[in-house]
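Peer 1: Questions regarding the structure given below will be posed in turn.
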Amino acid sequence: MKALLGMRRFQVIVLVSALVFGSHAMHDAFAVIRWSDAGVSTSAISFLWSEAVIAEVFVFLIAGPALIERFGVRAAAMLAAFAGVVRWTVAGVTTSVLLLALIQPLQGLTFALLHLACMRLMRIVAPTRVAASAQALHAFGSGLVSALVTFFSGTLYDFYAGAAFFPMAALCTVALPSPGLASPTERIEHPPPPDCSYSYFIRATP
């Protein structure tokens, strides 16, 4: 566990995922309230929510793996963070159903694509024997930030209403520079010395 926490690339994975996944907290807690207060109908809200779910499934099953294979995990993670900046900025300035319908499918990038990228990165970075611990720490980081943002989102929404989405865009902005993320052309090799069970090194594949 200590060796895992000391891995620079793993730290970056946890940080980026925590920031981008955590940025969804305001949306999950207050988007429907904001839309309802703006007079958006129940059927329109259902449509908007369904869009996000359909986009997630589409990216998980079809688009996400193809994007990662084509552009790599770092580009995928940065695309997810950039999509978060766009999504939460627009969400903060409008309740237009048309504009919301355009940004809701970005859920496929801000959640599904980033999740796939993080899973791929952890396969590259984390030794097999600590893979379960890596998954747990990754989930804990995202859950902790999501819980904290949800806790404070009520106060933010109470004071700033729609503008409370702007701090969510800021979280994604912080996640954008991610130089520590691995390239998909990298592979991990685990040398066998018995006295160093966490030994590993990463090198670029020619």
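Labeling convention for the structure tokens: chains A, B, ... as they appear, residues from 1 per chain, ligands from 1 in order of appearance.
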Set the distance at 12 Å and use only C-alpha atoms: which residues neighbour Ser46 (chain A) once local chain neighbours fewer than 5 positions away are removed? I'd like the list as a list of chain:residue names.
Peer 2: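 Residues meeting the cut-off are A:Ala31, A:Val32, A:Trp35, A:Ser36, A:Val40, A:Ser41, A:Glu51, A:Ala52, A:Val53, A:Val97, A:Ala101, A:Gln104.
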Peer 1: As a VMD selection string, please: every residue in region 40-200 of chain A that a backbone DSSP assignment puts in helix (DSSP H, G or I).
Peer 2: chain A and resid 42 to 71 73 to 93 97 to 125 128 to 175
Peer 1: Might you pull out every residue within 9 Å of region 149-151 of chain A, with only C-alpha atoms counted and same-chain residues fewer than 2 positions away left off, and present them as a list of chain:residue names?
Peer 2: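 Residues meeting the cut-off are A:Gly22, A:Ser23, A:His24, A:Ala25, A:Met26, A:Asp28, A:Ala29, A:Leu144, A:Val145, A:Ser146, A:Ala147, A:Ser153, A:Gly154, A:Thr155, A:Met168.
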Peer 1: Would you output that residue set with C-alpha atoms, as an mmCIF file, in the first residue's frame?
Peer 2:
data_model
loop_
_atom_site.group_PDB
_atom_site.id
_atom_site.type_symbol
_atom_site.label_atom_id
_atom_site.label_comp_id
_atom_site.auth_asym_id
_atom_site.auth_seq_id
_atom_site.Cartn_x
_atom_site.Cartn_y
_atom_site.Cartn_z
ATOM 1 C CA GLY A 22 -16.328 15.155 -7.748
ATOM 2 C CA SER A 23 -17.416 17.978 -10.039
ATOM 3 C CA HIS A 24 -20.603 16.013 -10.770
ATOM 4 C CA ALA A 25 -21.816 16.516 -7.204
ATOM 5 C CA MET A 26 -23.517 19.851 -7.844
ATOM 6 C CA ASP A 28 -26.405 15.303 -9.163
ATOM 7 C CA ALA A 29 -27.751 17.209 -6.159
ATOM 8 C CA LEU A 144 -14.327 11.525 -0.662
ATOM 9 C CA VAL A 145 -14.196 14.539 -2.979
ATOM 10 C CA SER A 146 -17.755 13.876 -4.171
ATOM 11 C CA ALA A 147 -18.971 13.723 -0.575
ATOM 12 C CA SER A 153 -22.971 22.372 -2.646
ATOM 13 C CA GLY A 154 -26.087 23.252 -0.679
ATOM 14 C CA THR A 155 -24.491 26.408 0.658
ATOM 15 C CA MET A 168 -17.355 22.600 -10.636
#
Peer 1: Listing only residues of region 128-160 of chain A within 12 Å of region 112-116 of chain A, what is the closest atom pair and its distance in Å (to one decimal) for each, using only C-alpha atoms, sorted by chain and residue number ascending, as CSV?
Peer 2:
residue,atom,partner,partner_atom,distance
A:Gln135,CA,A:His115,CA,11.3
A:His138,CA,A:His115,CA,10.3
A:Ala139,CA,A:His115,CA,10.5
A:Ser142,CA,A:His115,CA,10.8
Peer 1: Ala163 (chain A): which residues within 7 Å, counting only C-alpha atoms, same-chain residues fewer than 2 positions away excluded, as a list in words?
Peer 2: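 Residues near the query, excluding close chain neighbours: Gly92, Val93, Tyr160, Ala161, Phe165 and Phe166 of chain A.
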Peer 1: Point out the residue among A:Ala169, A:Leu121, A:Phe159, A:Ala63 with the least atom-to-atom distance to Gln11 (chain A), counting only C-alpha atoms.
Peer 2: A:Leu121
Peer 1: Going by DSSP on the backbone, which residues of region 54-196 of chain A come out as strand (DSSP E)? List them as a short mmCIF file (atom, residue, chain, number, x, y, z; two decimals) with N, CA and C atoms, in the first residue's frame.
Peer 2:
data_model
loop_
_atom_site.label_atom_id
_atom_site.label_comp_id
_atom_site.auth_asym_id
_atom_site.auth_seq_id
_atom_site.Cartn_x
_atom_site.Cartn_y
_atom_site.Cartn_z
N GLU A 186 2.99 2.61 -23.14
CA GLU A 186 3.85 2.14 -22.07
C GLU A 186 3.36 0.81 -21.54
N ARG A 187 4.26 0.03 -21.07
CA ARG A 187 3.86 -1.21 -20.44
C ARG A 187 4.59 -1.37 -19.13
N ILE A 188 4.08 -2.17 -18.27
CA ILE A 188 4.70 -2.38 -16.98
C ILE A 188 5.34 -3.75 -16.94
N GLU A 189 6.50 -3.82 -16.39
CA GLU A 189 7.18 -5.09 -16.24
C GLU A 189 7.48 -5.28 -14.76
#
Peer 1: Return the single residue from A:Val14, A:Ala164, A:Ile68, A:Leu19 that is closest to Arg34 (chain A), with distances computed using only C-alpha atoms.
Peer 2: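 Comparing A:Val14, A:Ala164, A:Ile68, A:Leu19 against Arg34 (chain A), the winner is A:Ala164.
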Peer 1: If I take CA of Glu69 (chain A) and CA of Gly108 (chain A), how far is one from the other in Å, to one decimal?
Peer 2: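 These two atoms are separated by 16.6 Å.
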Peer 1: In Å, with one decimal, what is the gap from CA of Ala134 (chain A) to CA of Phe10 (chain A)?
Peer 2: 8.1 Å
Peer 1: Could you state the separation of CA of Ile45 (chain A) and CA of His27 (chain A) in Å, given to one decimal place?
Peer 2: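 One can read the CA of Ile45 (chain A) to CA of His27 (chain A) distance as 12.7 Å.
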Peer 1: So that I can check the surroundings of Pro177 (chain A), please list as a list in words every protein, DNA and RNA residue that reaches within 12 Å of it, counting only C-alpha atoms and ignoring chain neighbours fewer than 4 positions away.
Peer 2: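 With the cut-off at 12 Å, the set is Val12, Ile13, Leu15, Val16, Arg74, Ala75, Ala77, Met78, Leu79, Ala80, Ala81, Phe82, Leu171, Cys172, Thr173 and Leu181 of chain A.
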